[in-house]
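Q: The file below is run29.txt, compact mmCIF, C-alpha atoms:
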```
# COMPACT_ATOMS: atom_id res chain seq x y z
CA MET A 637 28.29 -9.63 -46.38
CA ALA A 638 25.04 -7.93 -45.46
CA ALA A 639 25.00 -9.63 -42.09
CA GLU A 640 28.48 -8.37 -41.40
CA ASN A 641 27.36 -4.82 -42.13
CA ARG A 642 24.48 -5.08 -39.69
CA ALA A 643 26.68 -6.62 -37.05
CA ALA A 644 29.17 -3.82 -37.38
CA ARG A 645 26.38 -1.26 -36.87
CA ALA A 646 24.95 -2.93 -33.82
CA PRO A 647 27.27 -1.80 -31.02
CA SER A 648 26.85 1.91 -31.66
CA ALA A 649 23.05 1.61 -31.53
CA ALA A 650 22.48 -0.72 -28.61
CA ARG A 651 25.43 -0.65 -26.27
CA PRO A 652 24.95 2.80 -24.66
CA LEU A 653 21.31 1.97 -23.94
CA THR A 654 22.24 -1.40 -22.49
CA LEU A 655 24.89 0.18 -20.31
CA ALA A 656 22.53 2.95 -19.17
CA ILE A 657 19.86 0.40 -18.24
CA ALA A 658 22.44 -1.68 -16.38
CA ALA A 659 23.64 1.40 -14.46
CA LEU A 660 20.05 2.33 -13.52
CA ALA A 661 19.34 -1.25 -12.46
CA VAL A 662 22.37 -1.15 -10.15
CA ILE A 663 21.03 2.07 -8.58
CA GLY A 664 17.64 0.40 -8.22
CA ILE A 665 19.24 -2.62 -6.55
CA GLY A 666 20.84 -0.21 -4.06
CA ILE A 667 17.50 1.42 -3.19
CA ALA A 668 15.44 -1.77 -3.08
CA GLY A 669 18.21 -3.57 -1.19
CA TYR A 670 18.25 -0.84 1.46
CA LEU A 671 14.45 -0.94 1.83
CA THR A 672 14.47 -4.73 2.05
CA TYR A 673 17.15 -4.49 4.74
CA VAL A 674 15.20 -2.01 6.88
CA HIS A 675 12.01 -4.03 6.37
CA PHE A 676 13.51 -7.20 7.77
CA GLU A 677 15.50 -5.41 10.49
CA GLY A 678 12.33 -3.61 11.50
CA ILE A 679 14.17 -0.27 11.63
CA GLU A 680 12.90 3.02 10.25
CA PRO A 681 14.37 4.10 6.95
CA ALA A 682 16.32 7.36 6.86
CA CYS A 683 13.61 9.72 5.71
CA THR A 684 13.23 13.41 4.93
CA THR A 685 9.60 13.21 3.81
CA GLY A 686 8.37 11.91 7.16
CA GLY A 687 6.26 9.19 5.59
CA CYS A 688 8.68 6.31 5.03
CA ALA A 689 7.89 4.45 8.24
CA LYS A 690 4.15 4.82 7.66
CA VAL A 691 4.50 3.55 4.09
CA GLN A 692 6.72 0.68 5.18
CA ALA A 693 4.25 -0.20 7.94
CA SER A 694 1.19 -0.06 5.70
CA GLU A 695 -0.69 -3.12 4.55
CA TYR A 696 0.45 -2.41 1.00
CA SER A 697 4.14 -2.83 1.84
CA GLU A 698 3.72 -6.55 1.30
CA LEU A 699 2.37 -8.51 -1.64
CA ALA A 700 1.19 -11.97 -0.63
CA GLY A 701 3.47 -11.78 2.39
CA VAL A 702 6.54 -10.70 0.45
CA PRO A 703 7.79 -7.13 1.07
CA VAL A 704 7.36 -5.05 -2.09
CA ALA A 705 10.94 -3.83 -1.55
CA THR A 706 12.11 -7.42 -2.04
CA ILE A 707 9.95 -7.76 -5.13
CA GLY A 708 11.60 -4.59 -6.45
CA LEU A 709 15.02 -6.04 -5.73
CA VAL A 710 14.14 -9.18 -7.68
CA GLY A 711 12.77 -6.98 -10.48
CA TYR A 712 16.01 -5.02 -10.85
CA LEU A 713 18.07 -8.22 -10.81
CA THR A 714 15.78 -9.68 -13.48
CA VAL A 715 16.32 -6.56 -15.62
CA LEU A 716 20.09 -7.13 -15.36
CA VAL A 717 19.74 -10.79 -16.32
CA THR A 718 17.53 -10.05 -19.33
CA LEU A 719 20.16 -7.61 -20.64
CA LEU A 720 22.34 -10.67 -21.23
CA LEU A 721 19.68 -12.40 -23.34
CA PRO A 722 20.36 -12.25 -27.09
CA GLY A 723 18.13 -10.97 -29.87
CA GLU A 724 14.84 -9.18 -30.13
CA LEU A 725 13.13 -11.47 -27.65
CA GLY A 726 15.82 -10.67 -25.09
CA ARG A 727 15.20 -6.95 -25.56
CA ALA A 728 11.46 -7.59 -25.34
CA ALA A 729 12.00 -9.44 -22.04
CA THR A 730 13.87 -6.44 -20.60
CA ALA A 731 11.07 -4.14 -21.71
CA LEU A 732 8.41 -6.45 -20.26
CA VAL A 733 10.08 -6.68 -16.84
CA ALA A 734 10.75 -2.93 -16.76
CA LEU A 735 7.19 -2.04 -17.80
CA ILE A 736 5.71 -4.32 -15.16
CA GLY A 737 8.05 -2.79 -12.59
CA ALA A 738 7.24 0.76 -13.66
CA GLY A 739 3.51 0.07 -13.77
CA TYR A 740 3.46 -1.52 -10.33
CA SER A 741 5.69 1.22 -8.85
CA GLY A 742 3.31 3.75 -10.35
CA TYR A 743 0.39 1.99 -8.67
CA LEU A 744 2.24 1.97 -5.34
CA THR A 745 3.02 5.68 -5.68
CA TYR A 746 -0.67 6.31 -6.33
CA LEU A 747 -1.45 4.36 -3.14
CA GLU A 748 1.03 6.48 -1.19
CA LEU A 749 -0.67 9.66 -2.37
CA ALA A 750 -4.30 8.60 -2.33
CA VAL A 751 -4.68 5.89 0.28
CA ILE A 752 -1.76 5.74 2.70
CA ASP A 753 -1.44 9.53 2.60
CA ALA A 754 2.31 9.47 3.14
CA ILE A 755 5.24 9.71 0.78
CA CYS A 756 8.38 7.64 1.04
CA GLN A 757 11.23 9.22 -0.88
CA TRP A 758 12.99 5.88 -1.37
CA CYS A 759 9.90 4.36 -2.95
CA VAL A 760 9.42 7.35 -5.24
CA ALA A 761 13.12 7.26 -6.20
CA SER A 762 12.77 3.58 -7.04
CA ALA A 763 9.64 4.29 -9.10
CA VAL A 764 11.49 6.98 -11.06
CA VAL A 765 14.48 4.68 -11.70
CA MET A 766 12.17 1.90 -12.89
CA ALA A 767 10.26 4.32 -15.14
CA LEU A 768 13.55 5.48 -16.71
CA ILE A 769 14.58 1.87 -17.28
CA ALA A 770 11.22 1.19 -18.90
CA VAL A 771 11.59 4.15 -21.29
CA LEU A 772 15.13 3.13 -22.24
CA ALA A 773 14.12 -0.52 -22.64
CA VAL A 774 11.27 0.43 -24.98
CA VAL A 775 13.60 2.64 -27.06
CA ARG A 776 16.11 -0.22 -27.11
CA LEU A 777 13.42 -2.60 -28.34
CA LEU A 778 12.15 -0.26 -31.04
CA ARG A 779 15.52 0.93 -32.29
CA ASP A 780 17.09 -1.20 -35.02
CA PRO A 781 20.33 -2.65 -33.78
CA GLY A 782 20.43 -4.77 -36.89
CA GLY A 783 19.27 -7.96 -35.31
CA GLY A 784 15.98 -9.77 -35.32
CA PRO A 785 14.45 -13.11 -34.58
CA GLY A 786 15.93 -14.37 -37.82
CA ALA A 787 19.40 -12.98 -37.14
CA PRO A 788 22.21 -15.48 -36.94
CA GLU A 789 22.80 -17.03 -33.54
CA GLY A 790 25.42 -15.23 -31.51
CA ARG A 791 24.87 -11.91 -33.21
CA MET A 792 24.34 -10.11 -29.97
CA GLU A 793 27.85 -10.91 -28.87
CA THR A 794 28.88 -7.80 -30.76
CA THR A 795 26.49 -5.55 -28.87
CA MET B 625 35.86 -4.57 -68.94
CA SER B 626 36.34 -3.05 -65.54
CA SER B 627 33.46 -0.62 -66.06
CA ARG B 628 31.13 -3.52 -66.88
CA ALA B 629 32.22 -5.25 -63.69
CA ASP B 630 31.66 -2.00 -61.81
CA GLU B 631 28.18 -1.69 -63.26
CA LYS B 632 27.38 -5.25 -62.22
CA GLN B 633 28.70 -4.59 -58.76
CA ARG B 634 26.68 -1.38 -58.51
CA ARG B 635 23.47 -3.15 -59.53
CA ARG B 636 24.07 -5.91 -57.07
CA GLU B 637 24.62 -3.42 -54.28
CA GLU B 638 21.50 -1.52 -55.30
CA ARG B 639 19.46 -4.75 -55.19
CA GLU B 640 20.92 -5.68 -51.84
CA ARG B 641 20.18 -2.23 -50.48
CA ARG B 642 16.53 -2.49 -51.54
CA GLU B 643 16.27 -5.95 -50.03
CA GLN B 644 17.77 -4.71 -46.82
CA GLU B 645 15.36 -1.80 -46.70
CA GLN B 646 12.42 -4.17 -47.17
CA VAL B 647 13.74 -6.45 -44.46
CA ALA B 648 14.33 -3.47 -42.14
CA ALA B 649 10.78 -2.21 -42.72
CA ASP B 650 9.37 -5.67 -41.97
CA ARG B 651 11.44 -5.85 -38.80
CA ARG B 652 10.30 -2.42 -37.68
CA LYS B 653 6.71 -3.52 -38.07
CA GLN B 654 7.51 -6.73 -36.18
CA ARG B 655 9.12 -4.79 -33.34
CA VAL B 656 6.12 -2.48 -33.00
CA TRP B 657 3.89 -5.54 -32.74
CA LEU B 658 6.28 -7.05 -30.22
CA LEU B 659 6.15 -3.84 -28.16
CA GLY B 660 2.36 -3.93 -28.35
CA GLY B 661 2.36 -7.48 -27.02
CA VAL B 662 4.80 -6.55 -24.28
CA LEU B 663 2.63 -3.58 -23.27
CA VAL B 664 -0.54 -5.66 -23.12
CA ALA B 665 1.20 -8.34 -21.07
CA ALA B 666 2.70 -5.74 -18.71
CA ILE B 667 -0.66 -4.03 -18.17
CA ALA B 668 -2.35 -7.36 -17.48
CA ILE B 669 0.31 -8.43 -14.99
CA VAL B 670 0.31 -5.06 -13.19
CA GLY B 671 -3.49 -5.28 -12.98
CA VAL B 672 -3.28 -8.68 -11.35
CA LEU B 673 -0.59 -7.48 -8.92
CA ALA B 674 -2.69 -4.46 -7.98
CA LEU B 675 -5.71 -6.66 -7.35
CA VAL B 676 -3.71 -9.04 -5.20
CA SER B 677 -2.16 -6.26 -3.13
CA GLY B 678 -5.16 -4.04 -2.57
CA GLY B 679 -8.18 -5.41 -4.35
CA GLU B 680 -11.55 -6.59 -3.19
CA ASP B 681 -10.23 -9.86 -1.87
CA SER B 682 -8.01 -8.42 0.81
CA PRO B 683 -8.28 -4.66 1.10
CA ASP B 684 -7.86 -5.03 4.83
CA GLY B 685 -4.50 -6.72 4.61
CA LEU B 686 -5.80 -9.77 6.43
CA GLY B 687 -5.90 -12.04 3.42
CA ASP B 688 -3.00 -13.76 1.71
CA GLY B 689 -1.66 -15.18 4.91
CA SER B 690 -0.77 -11.85 6.46
CA THR B 691 -1.64 -11.49 10.10
CA LEU B 692 -3.66 -9.18 12.25
CA ASN B 693 -1.94 -5.83 12.87
CA ALA B 694 -1.10 -4.75 16.41
CA ALA B 695 -3.03 -7.45 18.34
CA ALA B 696 -0.32 -7.74 21.00
CA GLU B 697 -0.02 -3.96 21.35
CA VAL B 698 -3.78 -3.46 21.72
CA ASN B 699 -4.17 -6.22 24.33
CA GLU B 700 -1.22 -4.88 26.28
CA LEU B 701 -2.51 -1.29 26.09
CA PHE B 702 -5.80 -2.12 27.79
CA ALA B 703 -4.63 -4.98 30.02
CA GLY B 704 -5.66 -4.52 33.64
CA ILE B 705 -7.69 -1.34 33.09
CA PRO B 706 -11.25 -1.64 34.40
CA GLN B 707 -13.88 -1.74 31.67
CA ASP B 708 -17.64 -1.64 32.03
CA GLY B 709 -19.75 -1.79 28.89
CA ILE B 710 -18.76 1.09 26.63
CA THR B 711 -16.58 2.73 29.32
CA VAL B 712 -12.90 2.09 29.96
CA GLY B 713 -11.04 3.45 32.98
CA ASP B 714 -11.46 3.97 36.70
CA PRO B 715 -15.21 4.49 37.41
CA ASP B 716 -14.18 7.23 39.86
CA ALA B 717 -12.02 9.10 37.33
CA PRO B 718 -12.86 12.81 37.62
CA VAL B 719 -13.10 13.43 33.88
CA THR B 720 -14.97 11.58 31.13
CA LEU B 721 -13.98 11.74 27.48
CA VAL B 722 -16.69 10.62 25.06
CA GLU B 723 -15.70 9.71 21.52
CA PHE B 724 -18.25 9.45 18.73
CA ALA B 725 -16.80 7.30 16.00
CA ASP B 726 -17.74 5.27 12.97
CA LEU B 727 -15.66 2.12 12.63
CA GLN B 728 -15.28 2.73 8.90
CA CYS B 729 -14.21 6.36 9.20
CA PRO B 730 -10.54 6.74 8.26
CA PHE B 731 -9.89 9.68 10.63
CA CYS B 732 -11.30 7.64 13.51
CA GLY B 733 -8.88 4.90 12.51
CA GLU B 734 -6.02 7.37 12.38
CA PHE B 735 -6.96 8.74 15.79
CA ALA B 736 -7.10 5.23 17.26
CA VAL B 737 -3.71 4.32 15.89
CA ASN B 738 -1.92 7.60 16.61
CA ALA B 739 -3.54 9.07 19.71
CA ILE B 740 -5.40 6.43 21.73
CA PRO B 741 -2.26 4.65 22.99
CA ASP B 742 -0.84 7.85 24.55
CA LEU B 743 -4.22 8.90 25.95
CA VAL B 744 -4.71 5.50 27.59
CA ARG B 745 -1.20 5.45 29.04
CA ASP B 746 -1.17 9.06 30.26
CA TYR B 747 -4.77 9.61 31.35
CA VAL B 748 -6.84 6.43 31.56
CA ARG B 749 -4.38 4.04 33.18
CA PRO B 750 -3.44 6.55 35.95
CA GLY B 751 -7.16 6.94 36.71
CA LYS B 752 -7.45 10.59 35.64
CA VAL B 753 -9.87 10.01 32.77
CA LYS B 754 -12.39 7.42 31.70
CA MET B 755 -13.43 7.09 28.08
CA GLU B 756 -16.76 6.19 26.52
CA LEU B 757 -17.09 4.89 22.99
CA ARG B 758 -20.24 5.91 21.12
CA LEU B 759 -20.42 4.13 17.80
CA LEU B 760 -22.33 5.76 14.96
CA THR B 761 -23.24 4.19 11.66
CA PHE B 762 -23.16 7.14 9.24
CA LEU B 763 -21.35 5.09 6.66
CA GLY B 764 -23.99 2.47 6.13
CA ALA B 765 -24.71 -1.20 6.64
CA GLU B 766 -21.10 -2.28 7.09
CA SER B 767 -20.62 0.29 9.85
CA MET B 768 -23.78 -1.02 11.47
CA ARG B 769 -22.59 -4.62 11.39
CA ALA B 770 -19.18 -3.64 12.76
CA ALA B 771 -20.80 -1.61 15.54
CA GLN B 772 -23.06 -4.53 16.47
CA VAL B 773 -20.11 -6.87 16.96
CA THR B 774 -18.05 -4.23 18.78
CA TYR B 775 -20.89 -3.56 21.20
CA ALA B 776 -21.36 -7.30 21.66
CA ALA B 777 -17.71 -7.29 22.77
CA SER B 778 -18.59 -4.37 25.08
CA LEU B 779 -21.16 -6.63 26.73
CA GLN B 780 -18.15 -8.77 27.68
CA ASP B 781 -16.32 -5.58 28.78
CA LEU B 782 -13.84 -5.96 25.91
CA GLY B 783 -15.33 -3.49 23.43
CA TRP B 784 -12.44 -1.02 23.56
CA GLN B 785 -9.94 -3.70 22.60
CA TYR B 786 -12.22 -4.84 19.80
CA ALA B 787 -12.70 -1.32 18.42
CA ASP B 788 -9.02 -0.47 18.73
CA LEU B 789 -7.96 -3.66 17.00
CA PHE B 790 -10.57 -3.02 14.30
CA PHE B 791 -9.18 0.47 13.73
CA ASN B 792 -5.63 -0.91 13.54
CA ASN B 793 -6.77 -3.22 10.74
CA GLN B 794 -9.21 -0.86 9.10
CA GLY B 795 -9.55 -1.21 5.31
CA GLN B 796 -10.79 1.15 2.67
CA GLU B 797 -14.19 2.62 3.43
CA GLY B 798 -17.02 0.83 1.62
CA SER B 799 -14.69 -1.64 -0.09
CA GLY B 800 -16.51 -4.67 1.26
CA TYR B 801 -13.74 -5.81 3.60
CA ILE B 802 -16.04 -5.99 6.64
CA THR B 803 -17.06 -9.60 6.22
CA GLU B 804 -18.10 -12.03 8.94
CA ASP B 805 -14.64 -13.61 8.61
CA PHE B 806 -12.99 -10.24 9.14
CA LEU B 807 -15.14 -9.52 12.20
CA ARG B 808 -14.36 -12.97 13.59
CA GLU B 809 -10.65 -12.53 12.98
CA ILE B 810 -10.63 -9.23 14.87
CA GLY B 811 -12.48 -10.94 17.72
CA GLU B 812 -9.96 -13.75 17.83
CA GLY B 813 -7.24 -11.14 18.29
CA VAL B 814 -8.83 -9.84 21.51
CA ASP B 815 -7.52 -11.71 24.55
CA GLY B 816 -10.29 -13.29 26.58
CA LEU B 817 -13.15 -12.58 24.17
CA ASP B 818 -15.72 -15.31 23.63
CA VAL B 819 -15.92 -14.76 19.88
CA ASP B 820 -18.83 -17.11 19.19
CA GLY B 821 -20.77 -15.58 22.05
CA ALA B 822 -20.07 -12.07 20.78
CA LEU B 823 -21.12 -12.88 17.22
CA GLU B 824 -24.31 -14.41 18.55
CA GLN B 825 -25.07 -11.46 20.83
CA SER B 826 -24.23 -8.95 18.11
CA THR B 827 -27.72 -9.25 16.62
CA GLY B 828 -29.40 -9.25 20.00
CA ALA B 829 -31.37 -6.53 21.74
CA GLU B 830 -28.59 -5.48 24.12
CA ALA B 831 -26.10 -4.57 21.40
CA ASP B 832 -28.87 -2.88 19.47
CA GLU B 833 -29.79 -0.83 22.54
CA LEU B 834 -26.20 0.47 22.81
CA ILE B 835 -26.29 1.55 19.15
CA LYS B 836 -29.63 3.33 19.70
CA GLN B 837 -28.24 5.08 22.77
CA ALA B 838 -25.26 6.32 20.76
CA GLU B 839 -27.57 7.53 18.00
CA SER B 840 -29.84 9.46 20.33
CA ALA B 841 -26.87 10.94 22.22
CA ALA B 842 -25.43 12.10 18.89
CA GLN B 843 -28.76 13.66 17.99
CA THR B 844 -29.08 15.42 21.32
CA LEU B 845 -25.56 16.77 21.12
CA GLY B 846 -25.74 17.68 17.43
CA VAL B 847 -22.91 15.40 16.34
CA SER B 848 -22.62 15.62 12.57
CA SER B 849 -19.20 14.14 11.91
CA THR B 850 -16.82 11.57 13.27
CA PRO B 851 -14.69 11.51 15.23
CA SER B 852 -16.28 14.02 17.61
CA PHE B 853 -15.18 14.44 21.20
CA PHE B 854 -17.04 15.58 24.31
CA VAL B 855 -15.83 15.92 27.85
CA ARG B 856 -17.40 16.37 31.23
CA ARG B 857 -16.14 16.78 34.74
CA GLY B 858 -17.84 14.51 37.28
CA GLU B 859 -21.54 14.40 36.54
CA GLY B 860 -21.51 17.73 34.74
CA THR B 861 -22.81 18.35 31.24
CA LEU B 862 -20.99 17.18 28.16
CA GLU B 863 -19.13 19.85 26.25
CA GLU B 864 -17.73 19.40 22.79
CA ILE B 865 -14.02 19.89 22.37
CA GLN B 866 -12.70 21.16 19.08
CA VAL B 867 -9.13 20.28 18.37
CA GLY B 868 -7.00 21.50 15.51
CA GLU B 869 -5.47 18.09 15.02
CA LEU B 870 -6.36 14.56 16.01
CA SER B 871 -3.42 14.01 18.33
CA ALA B 872 -3.00 12.88 21.91
CA ALA B 873 -1.29 16.19 22.67
CA ALA B 874 -4.25 18.25 21.42
CA ILE B 875 -6.86 16.19 23.29
CA GLY B 876 -4.52 15.93 26.28
CA ALA B 877 -4.31 19.72 26.58
CA GLU B 878 -8.10 19.90 26.88
CA LEU B 879 -8.13 17.07 29.41
CA ASP B 880 -5.40 18.72 31.50
CA GLU B 881 -7.43 21.89 31.74
CA LEU B 882 -10.42 19.95 32.95
CA ILE B 883 -8.49 17.75 35.38
CA ASP B 884 -7.02 20.87 36.96
CA GLY B 885 -10.58 22.01 37.55
CA GLY B 886 -10.45 24.74 34.95
CA ARG B 887 -14.05 24.34 33.80
```
Please lay out the structure from this file as structure tokens.
A:
Amino acid sequence: MAAENRAARAPSAARPLTLAIAALAVIGIGIAGYLTYVHFEGIEPACTTGGCAKVQASEYSELAGVPVATIGLVGYLTVLVTLLLPGELGRAATALVALIGAGYSGYLTYLELAVIDAICQWCVASAVVMALIAVLAVVRLLRDPGGGPGAPEGRMETT
Amino acid sequence: MSSRADEKQRRREERERREQEQVAADRRKQRVWLLGGVLVAAIAIVGVLALVSGGEDSPDGLGDGSTLNAAAEVNELFAGIPQDGITVGDPDAPVTLVEFADLQCPFCGEFAVNAIPDLVRDYVRPGKVKMELRLLTFLGAESMRAAQVTYAASLQDLGWQYADLFFNNQGQEGSGYITEDFLREIGEGVDGLDVDGALEQSTGAEADELIKQAESAAQTLGVSSTPSFFVRRGEGTLEEIQVGELSAAAIGAELDELIDGGR
């Protein structure tokens, strides 16, 4: 009886957040996908800030040989996948991935400003999207959708 | 009868409500702890990523399997242009451009990447200008070591390539990236350089003499910052040129004036 009540409350609390995160992740995939494309094609990204090519050409545009744009793409896809995971741990996974993404994007934005001395609007846009996802994912983790580690298996189907 | 059942029902609901509240409070606490754990893990992972991408181990971008920047471009830029010690260009070029630089200085690096290619193509290769590289070591021991190896390359008449390739792979000033491995890797990027020979000669008297010459020239001319630029026509006296921006166009305008015999 009590479990039914909680299950009935779940969709209203969690679904809009989940959908908003999914929508932002799709936008992020668009941005990171575009940057990955121009990285591998070796073309200059469309840029109004004048710094995109310099940022893309800098030593920081790769992490252990992998373009950071590609890492971002993987990050957004991982966010989408974790949205499908059930329960509190699933929501924690989304928050973890988003916080790592936001933290690392923040670090890269700092590098753009302080070290590379050039701003790439695509990178900043991606950092903002990831930061928004992180905020929503934290709210989604903290807010009570009625579930928990002890909640019956399959509860999240209703969310 | 029905009111007793109602009362029982009410009490049961009340008990259930209290239980639920307790459970909800426990869960809230649990979620805050979970968030704390997630935050700590995220901070740790971001820290590691930041170290890997720009930390002490590879601030120059040469570590982690990435390759030397611009080696092909630098070799191609200087290919076939006469070079003699610290001077690149036709010995009979009417105008000489002298650059005072510190290999660690970021503006010198920017100038090398953004302006040197155009200056070499438009002025040095056509024989209008020859350039001298005077290396200063304002920024300490690492600058000194880098200058020694660059001047050792100059003894093989390949110093300009070495310096230019160094600037194209310059790391953060004072971050410890100028290791012997780094200096060797730059040398290996210069076509035709005997790297072992250069590293050996880098601590010798000849390379040291070139550094001393640069120092005393800087003192005589009152050079207090890098990069600084001086020009002279023929065997005339060196005159400092002040440019608003470190671009090939700005330096080129000064050179044009001098080539046309303006000074």
Q: With a distance threshold of 6 Å and counting all atoms listed in the file, extract the residues of chain A near chain B and express them as a list of chain:residue names.
A: A:Glu695, A:Leu699, A:Ala700, A:Gly701, A:Leu732, A:Leu735, A:Ile736, A:Tyr740, A:Leu778
Q: Give me the residues within 9 Å of Val771 (chain A) as a list in words, counting only C-alpha atoms and dropping any in the same chain fewer than 5 places off.
A: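 That gives Ala731, Ala734, Leu735, Met766 and Arg776 of chain A.
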Q: In Å to one decimal, how far is CA of Val748 (chain B) from CA of Gly868 (chain B)?
A: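 CA of Gly868 (chain B) sits 22.0 Å away from CA of Val748 (chain B).
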Q: Quick check, in Å to one decimal: how far apart do CA of Thr654 (chain A) and CA of Leu772 (chain A) lie?
A: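 Rounded to one decimal, the two atoms are 8.4 Å apart.
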Q: How many Å lie between CA of Val710 (chain A) and CA of Leu675 (chain B), rounded to one decimal?
A: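 Computed distance, CA of Val710 (chain A) to CA of Leu675 (chain B), equals 20.0 Å.
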Q: For Thr803 (chain B), which of B:Ser767, B:Asn738, B:Gln785, B:Gln837 is the closest residue, counting only C-alpha atoms?
A: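 Among the listed residues, the smallest separation from Thr803 (chain B) belongs to B:Ser767.
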Q: Can you pull out every residue within 12 Å of Asp714 (chain B), counting only C-alpha atoms, but drop anything in the same chain fewer than 4 positions away, and send it as a PyMOL selection string?
A: chain B and resi 704-708+718-720+744+747-756
Q: Taking into account all atoms listed in the file, which residue in the set A:Gly737, A:Leu716, A:Ile667, A:Leu744 is nearest to Leu655 (chain A)?
A: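 For Leu655 (chain A), the nearest of the given residues is A:Leu716.
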Q: Would you place a box with edges along x, y and z of the file around all atoms of region 815-824 of chain B listed there, add 8 Å to each of its six sides, and report the centre and edge lengths in Å to one decimal, as AutoDock Vina command-line options?
A:
```
--center_x -15.9 --center_y -14.4 --center_z 21.9 --size_x 32.8 --size_y 21.4 --size_z 25.4
```
Q: Select, counting all atoms listed in the file, all protein, DNA and RNA residues no farther than 10 Å from (10.4, 3.6, -5.0) in file coordinates, and express the selection as a list in words.
A: Gly664, Ile667, Ala668, Leu671, Val704, Ala705, Gly708, Ala738, Ser741, Gly742, Leu744, Thr745, Ile755, Cys756, Gln757, Trp758, Cys759, Val760, Ala761, Ser762, Ala763, Val764, Val765 and Met766 of chain A
Q: Can you write just those residues out, C-alpha atoms, as a compact mmCIF listing (two decimals), in the coordinates of the input?
A:
```
# COMPACT_ATOMS: atom_id res chain seq x y z
CA GLY A 664 17.64 0.40 -8.22
CA ILE A 667 17.50 1.42 -3.19
CA ALA A 668 15.44 -1.77 -3.08
CA LEU A 671 14.45 -0.94 1.83
CA VAL A 704 7.36 -5.05 -2.09
CA ALA A 705 10.94 -3.83 -1.55
CA GLY A 708 11.60 -4.59 -6.45
CA ALA A 738 7.24 0.76 -13.66
CA SER A 741 5.69 1.22 -8.85
CA GLY A 742 3.31 3.75 -10.35
CA LEU A 744 2.24 1.97 -5.34
CA THR A 745 3.02 5.68 -5.68
CA ILE A 755 5.24 9.71 0.78
CA CYS A 756 8.38 7.64 1.04
CA GLN A 757 11.23 9.22 -0.88
CA TRP A 758 12.99 5.88 -1.37
CA CYS A 759 9.90 4.36 -2.95
CA VAL A 760 9.42 7.35 -5.24
CA ALA A 761 13.12 7.26 -6.20
CA SER A 762 12.77 3.58 -7.04
CA ALA A 763 9.64 4.29 -9.10
CA VAL A 764 11.49 6.98 -11.06
CA VAL A 765 14.48 4.68 -11.70
CA MET A 766 12.17 1.90 -12.89
```
Q: Using only C-alpha atoms, which protein or nucleic acid residues come within 7 Å of Asp788 (chain B)? Drop anything in the same chain fewer than 4 positions from it, and give the result as a list in words.
A: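 Close residues of Asp788 (chain B): Val698, Ala736, Trp784 and Asn792 of chain B.
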Q: Might you pull out every residue within 10 Å of Leu757 (chain B), with all atoms listed in the file counted and same-chain residues fewer than 5 positions away left off, and present them as number ranges by chain?
A: B: 709-712, 721-725, 775, 778, 783-784, 787, 838, 853
Q: Within 12 Å of (-4.3, 17.8, 24.4) (coordinates as in the file), grab all the protein and nucleic acid residues, counting only C-alpha atoms, and write them out as an NGL selection string.
A: :B and (721 or 739-740 or 742-743 or 746-747 or 853 or 865-883)
Q: Which is closest to Val814 (chain B) among B:Ser826, B:Gln633, B:Thr844, B:Asn699, if we use all atoms listed in the file?
A: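 Looking at the shortest contact to Val814 (chain B), the residue is B:Asn699.
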Q: Find, counting only C-alpha atoms, the residue in A:Ala659, A:Ala754, A:Leu721, A:Val733 that gets nearest to Cys683 (chain A).
A: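 Among the listed residues, A:Ala754 lies closest to Cys683 (chain A).
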Q: Between B:Leu701, B:Val855, B:Ala841, B:Ala770, single out the one closest to Arg758 (chain B), counting all atoms listed in the file.
A: B:Ala841
